[in-house]
Number of protein chains: 2
Amino acid sequence: MSDTLSAGQALGNHLYKEVKHKILESLRTGEWKPGEVIPSEKKLGERFAVSIGTVRKAVDELSAENVLIRQQGRGTFVASHGRGKYFFSFFHIVRQDGLREFPSVELIDFARGQADPAAAAALDIHPGDKVWRYTNLLSLQDQAVILDEITVPVELFPRLSERVLRERRSTVYQLYQEHAGVNVIRTRERVRATRADGARARLLRVPVGHPLLLVVRIARSFKERAVELRHSYVNTDRHEYAVDLLGDEA
Amino acid sequence: MSDTLSAGQALGNHLYKEVKHKILESLRTGEWKPGEVIPSEKKLGERFAVSIGTVRKAVDELSAENVLIRQQGRGTFVASHGRGKYFFSFFHIVRQDGLREFPSVELIDFARGQADPAAAAALDIHPGDKVWRYTNLLSLQDQAVILDEITVPVELFPRLSERVLRERRSTVYQLYQEHAGVNVIRTRERVRATRADGARARLLRVPVGHPLLLVVRIARSFKERAVELRHSYVNTDRHEYAVDLLGDEA
DNA sequence: CAGTGGTCTAGACCACATT
DNA sequence: ATGTGGTCTAGACCACTGT
């Protein structure tokens, strides 16, 4: 059928919001996949029967939300994980002198289990639902710095396995994307100070009781579905958690 | 003289950026003060000799950066601290159940001193320059939760005093604004886990050695001048540090 | 070169707030 | 009723990217 909108411009609607939702729809159905170009703004305008300015406003927002990436002269692309500085939108640990480095990752543990009530609430699933639980140890300059304890619903990633996680060379969000078509674009994090217990102290090579940062992250796709629950234990002796607010251009 | 722009539209410039800078100029010179309305978009368009659309794009950015606040039907206002939810753009500690509360503040200490090298580097001043140092204890529901150790250049706040800090009823950023015309609009924060030492443990009523969150914040005005250096020690037994990334509307 | 996103215009109409 | 910001249009030209 036609994608043409209902011309409901005069109503309480916002045409560009409808356009935005149509675009998100096409992203969800997989018509345009991560890394691909979407049609030009002119063509989108024709398809949705709106002016280019309206398409631009919709794409403006999606681009501000990192769902789409514009490149002048080339086109507009569906955001994709793994490459370049986009990685650091989801990796906030920096060295205390400010240097940002890519971590090396070691899979410590992988298991299938059931969601406890807290995890279920965080992931919008039912207690007892099947989940994968796995643990990564992240090192920066050969120093173990971060312990990631990750929980994801089996339902979303039916084919996940220890092998897939071990053999990957990409980031896990890239893996989620390629493996299951799940595109993480938003996270919510809560940070506390805690103490290293025995097992975690051993892995991070700190004394038991050493202060650690605990970052609890919930990752979401297209601002709705909760995709991953992650507990990150961070040794902040030489690194820190960085937050820059309201930082655009000059 | 005229504010009219050089009509350099065809050049490598961006007209709306020039408009944006003109607006920032008027903010810096104090032509429009925090809390006041600025002229309507139509009038700004006439004044700068550009179309309304161009003014809108400039105001769009300033509004996204929290420098200006738009209110439909009323006008566009210069951002001002203290009121409403804007406060929480700069206050990231929430109760573990997610509730956001306003803290009550107690001034613990106030002194004049000299910037040590680290503080000087953070504040873009010279080591040895005069600074104010003061300490606030923030409580949520009658529980001491945050210890703020704050350093600001005397140069920026020549008339700051213990009395002014004690007698204020507003937030300190509101005070900076009213007292010295300094408008904080951007912060950068670095978070680490640490242990409570004797003095801080006593104030926060936790055992010595208790894990605390240490948040180091540098606050800036109009994205250039470093205004304040703040070390916040947070007891995260019942509260946590909240970060929401890429969260606009629905 | 053709095609893309980026900027700018001039005017229309809407939704909202104030008088 | 008036004035404000918010949305939408239709078309022009620019800057950049690829062929």
# chains A, B, ... in the order shown; residues from 1 in each chain; ligands from 1
>>> select_by_dssp(residues="region 28-164 of chain B", states="helix (DSSP H, G or I)", output="count of residues only")
38
>>> interface_residues(of="chain D", to="chain B", cutoff="8 Å", atoms="only C-alpha atoms (C1' of nucleotides)", output="NGL selection string")
:D and (3-6 or 14)
>>> write_last_selection(atoms="C-alpha atoms (C1' of nucleotides)", output="PDB file, in the first residue's frame")
ATOM      1  C1'  DG D   3       1.549  38.348  19.588  1.00  0.00           C
ATOM      2  C1'  DT D   4       4.389  34.461  20.450  1.00  0.00           C
ATOM      3  C1'  DG D   5       6.720  30.156  19.185  1.00  0.00           C
ATOM      4  C1'  DG D   6       5.832  25.696  16.240  1.00  0.00           C
ATOM      5  C1'  DC D  14      25.612  26.016  -1.882  1.00  0.00           C
TER       6       DC D  14
END
>>> select_by_dssp(residues="region 16-235 of chain A", states="strand (DSSP E or B)", output="ChimeraX atom specification")
/A:37-38,68-71,75-78,93-95,104-114,130-140,143-153,184-195,211-221,225-234
>>> residues_around(residues="DG18 (chain D)", least_positions_apart="2", cutoff="10 Å", atoms="only C-alpha atoms (C1' of nucleotides)", output="VMD selection string")
(chain A and resid 73 to 74) or (chain C and resid 1 to 4) or (chain D and resid 16)
>>> write_last_selection(atoms="N, CA, C and O atoms (P, O5', C5', C4', C3', O3' and C1' of nucleotides)", output="PDB file, in the first residue's frame")
ATOM      1  N   GLY A  73      26.822  14.870   0.858  1.00  0.00           N
ATOM      2  CA  GLY A  73      27.244  14.438  -0.461  1.00  0.00           C
ATOM      3  C   GLY A  73      27.117  12.938  -0.679  1.00  0.00           C
ATOM      4  O   GLY A  73      27.069  12.483  -1.818  1.00  0.00           O
ATOM      5  N   ARG A  74      27.078  12.159   0.416  1.00  0.00           N
ATOM      6  CA  ARG A  74      27.014  10.701   0.254  1.00  0.00           C
ATOM      7  C   ARG A  74      25.614  10.164   0.513  1.00  0.00           C
ATOM      8  O   ARG A  74      25.101   9.387  -0.298  1.00  0.00           O
TER       9      ARG A  74
ATOM     10  P    DC C   1      29.233  20.302 -16.291  1.00  0.00           P
ATOM     11  O5'  DC C   1      28.294  19.009 -16.265  1.00  0.00           O
ATOM     12  C5'  DC C   1      28.640  17.883 -17.065  1.00  0.00           C
ATOM     13  C4'  DC C   1      28.380  16.625 -16.267  1.00  0.00           C
ATOM     14  C3'  DC C   1      27.174  16.759 -15.358  1.00  0.00           C
ATOM     15  O3'  DC C   1      26.024  16.289 -16.050  1.00  0.00           O
ATOM     16  C1'  DC C   1      29.024  15.731 -14.212  1.00  0.00           C
ATOM     17  P    DA C   2      24.601  16.772 -15.630  1.00  0.00           P
ATOM     18  O5'  DA C   2      24.216  15.661 -14.564  1.00  0.00           O
ATOM     19  C5'  DA C   2      24.533  14.295 -14.825  1.00  0.00           C
ATOM     20  C4'  DA C   2      24.326  13.502 -13.546  1.00  0.00           C
ATOM     21  C3'  DA C   2      22.994  13.807 -12.843  1.00  0.00           C
ATOM     22  O3'  DA C   2      22.506  12.610 -12.270  1.00  0.00           O
ATOM     23  C1'  DA C   2      24.781  14.355 -11.403  1.00  0.00           C
ATOM     24  P    DG C   3      21.046  12.629 -11.576  1.00  0.00           P
ATOM     25  O5'  DG C   3      21.440  12.545 -10.034  1.00  0.00           O
ATOM     26  C5'  DG C   3      22.162  11.399  -9.566  1.00  0.00           C
ATOM     27  C4'  DG C   3      22.513  11.602  -8.116  1.00  0.00           C
ATOM     28  C3'  DG C   3      21.335  12.084  -7.260  1.00  0.00           C
ATOM     29  O3'  DG C   3      21.225  11.247  -6.113  1.00  0.00           O
ATOM     30  C1'  DG C   3      23.224  13.434  -6.899  1.00  0.00           C
ATOM     31  P    DT C   4      20.069  11.470  -5.063  1.00  0.00           P
ATOM     32  O5'  DT C   4      20.818  12.008  -3.772  1.00  0.00           O
ATOM     33  C5'  DT C   4      21.750  11.164  -3.081  1.00  0.00           C
ATOM     34  C4'  DT C   4      22.533  12.017  -2.127  1.00  0.00           C
ATOM     35  C3'  DT C   4      21.676  12.791  -1.141  1.00  0.00           C
ATOM     36  O3'  DT C   4      21.499  12.031   0.041  1.00  0.00           O
ATOM     37  C1'  DT C   4      23.450  14.139  -2.035  1.00  0.00           C
TER      38       DT C   4
ATOM     39  P    DC D  16      32.871  22.134   1.226  1.00  0.00           P
ATOM     40  O5'  DC D  16      32.603  20.586   0.982  1.00  0.00           O
ATOM     41  C5'  DC D  16      31.792  19.859   1.894  1.00  0.00           C
ATOM     42  C4'  DC D  16      31.276  18.642   1.166  1.00  0.00           C
ATOM     43  C3'  DC D  16      32.359  17.707   0.635  1.00  0.00           C
ATOM     44  O3'  DC D  16      32.334  16.531   1.422  1.00  0.00           O
ATOM     45  C1'  DC D  16      30.556  18.000  -0.904  1.00  0.00           C
TER      46       DC D  16
END
>>> closest_atom_pairs(of="chain C", to="chain A", cutoff="10 Å", atoms="only C-alpha atoms (C1' of nucleotides)", output="CSV")
residue,atom,partner,partner_atom,distance
C:DG3,C1',A:Gly73,CA,7.7
C:DT4,C1',A:Gly73,CA,4.1
C:DG5,C1',A:Gln72,CA,4.5
C:DG6,C1',A:Gln72,CA,7.5
C:DC13,C1',A:Ala10,CA,8.4
C:DC14,C1',A:Ala10,CA,7.1
C:DA15,C1',A:Gly12,CA,8.5
>>> closest_residue(among="B:His81, B:Lys17, B:Arg28, B:Arg169", to="chain A", atoms="only C-alpha atoms")
B:Lys17
>>> interface_residues(of="chain B", to="chain A", cutoff="10 Å", atoms="only C-alpha atoms", output="JSON, numbers by chain")
{"B": [17, 61, 64, 65, 66, 89, 90, 92, 93, 94, 96, 98, 185, 186, 187, 188, 189, 190, 191, 192, 193, 194, 195, 209, 210, 211, 212, 213, 214, 215, 216, 217, 218, 223, 224, 234, 235, 236, 237, 238, 239, 240, 241, 242, 243, 244, 245, 246, 247, 248, 249, 250]}
>>> residues_around(residues="Gln143 (chain A)", least_positions_apart="3", cutoff="10 Å", atoms="only C-alpha atoms (C1' of nucleotides)", output="list in words")
Pro103, Ser104, Leu138, Ser139, Leu140, Ile146, Leu204, Arg205, Asn235 and Arg238 of chain A
>>> write_last_selection(atoms="C-alpha atoms", output="PDB file, in the first residue's frame")
ATOM      1  CA  PRO A 103      39.828  -2.379  25.675  1.00  0.00           C
ATOM      2  CA  SER A 104      40.802  -5.981  25.013  1.00  0.00           C
ATOM      3  CA  LEU A 138      38.148  -5.871  29.954  1.00  0.00           C
ATOM      4  CA  SER A 139      41.752  -4.757  30.001  1.00  0.00           C
ATOM      5  CA  LEU A 140      43.334  -1.455  29.115  1.00  0.00           C
ATOM      6  CA  ILE A 146      36.513  -3.665  34.148  1.00  0.00           C
ATOM      7  CA  LEU A 204      40.580  -7.505  38.800  1.00  0.00           C
ATOM      8  CA  ARG A 205      43.761  -8.191  40.798  1.00  0.00           C
ATOM      9  CA  ASN A 235      38.847  -0.413  39.215  1.00  0.00           C
ATOM     10  CA  ARG A 238      44.077   4.581  37.183  1.00  0.00           C
TER      11      ARG A 238
END
>>> closest_residue(among="A:Gly45, A:Ile23, A:Leu99, A:Asp109", to="Ser63 (chain A)", atoms="only C-alpha atoms")
A:Ile23
>>> closest_residue(among="A:Val59, A:Ala196, A:Leu123, A:Leu68", to="Ser80 (chain A)", atoms="only C-alpha atoms")
A:Leu68
>>> residues_around(residues="DG11 (chain C)", least_positions_apart="5", cutoff="12 Å", atoms="only C-alpha atoms (C1' of nucleotides)", output="PDB file with N, CA, C and O atoms (P, O5', C5', C4', C3', O3' and C1' of nucleotides), in the first residue's frame")
ATOM      1  N   SER B  51      16.098  35.784   7.468  1.00  0.00           N
ATOM      2  CA  SER B  51      14.725  35.295   7.536  1.00  0.00           C
ATOM      3  C   SER B  51      14.477  34.634   8.894  1.00  0.00           C
ATOM      4  O   SER B  51      15.413  34.242   9.600  1.00  0.00           O
ATOM      5  N   ILE B  52      13.218  34.477   9.211  1.00  0.00           N
ATOM      6  CA  ILE B  52      12.859  33.871  10.483  1.00  0.00           C
ATOM      7  C   ILE B  52      13.429  32.464  10.608  1.00  0.00           C
ATOM      8  O   ILE B  52      13.912  32.065  11.666  1.00  0.00           O
ATOM      9  N   GLY B  53      13.396  31.720   9.518  1.00  0.00           N
ATOM     10  CA  GLY B  53      13.908  30.353   9.540  1.00  0.00           C
ATOM     11  C   GLY B  53      15.342  30.297  10.017  1.00  0.00           C
ATOM     12  O   GLY B  53      15.728  29.383  10.755  1.00  0.00           O
TER      13      GLY B  53
ATOM     14  P    DC D   8       4.691  19.342  10.837  1.00  0.00           P
ATOM     15  O5'  DC D   8       4.667  20.110   9.454  1.00  0.00           O
ATOM     16  C5'  DC D   8       3.430  20.579   8.941  1.00  0.00           C
ATOM     17  C4'  DC D   8       3.678  21.418   7.713  1.00  0.00           C
ATOM     18  C3'  DC D   8       4.629  20.804   6.686  1.00  0.00           C
ATOM     19  O3'  DC D   8       3.851  20.221   5.636  1.00  0.00           O
ATOM     20  C1'  DC D   8       4.881  23.186   6.933  1.00  0.00           C
ATOM     21  P    DT D   9       4.530  19.662   4.328  1.00  0.00           P
ATOM     22  O5'  DT D   9       4.687  20.976   3.438  1.00  0.00           O
ATOM     23  C5'  DT D   9       3.554  21.810   3.271  1.00  0.00           C
ATOM     24  C4'  DT D   9       3.904  22.933   2.308  1.00  0.00           C
ATOM     25  C3'  DT D   9       4.736  22.483   1.107  1.00  0.00           C
ATOM     26  O3'  DT D   9       4.097  22.922  -0.081  1.00  0.00           O
ATOM     27  C1'  DT D   9       5.723  24.376   2.151  1.00  0.00           C
ATOM     28  P    DA D  10       4.131  22.066  -1.397  1.00  0.00           P
ATOM     29  O5'  DA D  10       5.017  22.989  -2.348  1.00  0.00           O
ATOM     30  C5'  DA D  10       4.722  24.370  -2.470  1.00  0.00           C
ATOM     31  C4'  DA D  10       5.932  25.071  -3.044  1.00  0.00           C
ATOM     32  C3'  DA D  10       6.745  24.190  -4.004  1.00  0.00           C
ATOM     33  O3'  DA D  10       6.949  24.910  -5.211  1.00  0.00           O
ATOM     34  C1'  DA D  10       8.153  25.089  -2.344  1.00  0.00           C
TER      35       DA D  10
END
>>> atom_distance(atom1="CA of Val55 (chain A)", atom2="CA of Glu18 (chain A)")
9.9 Å
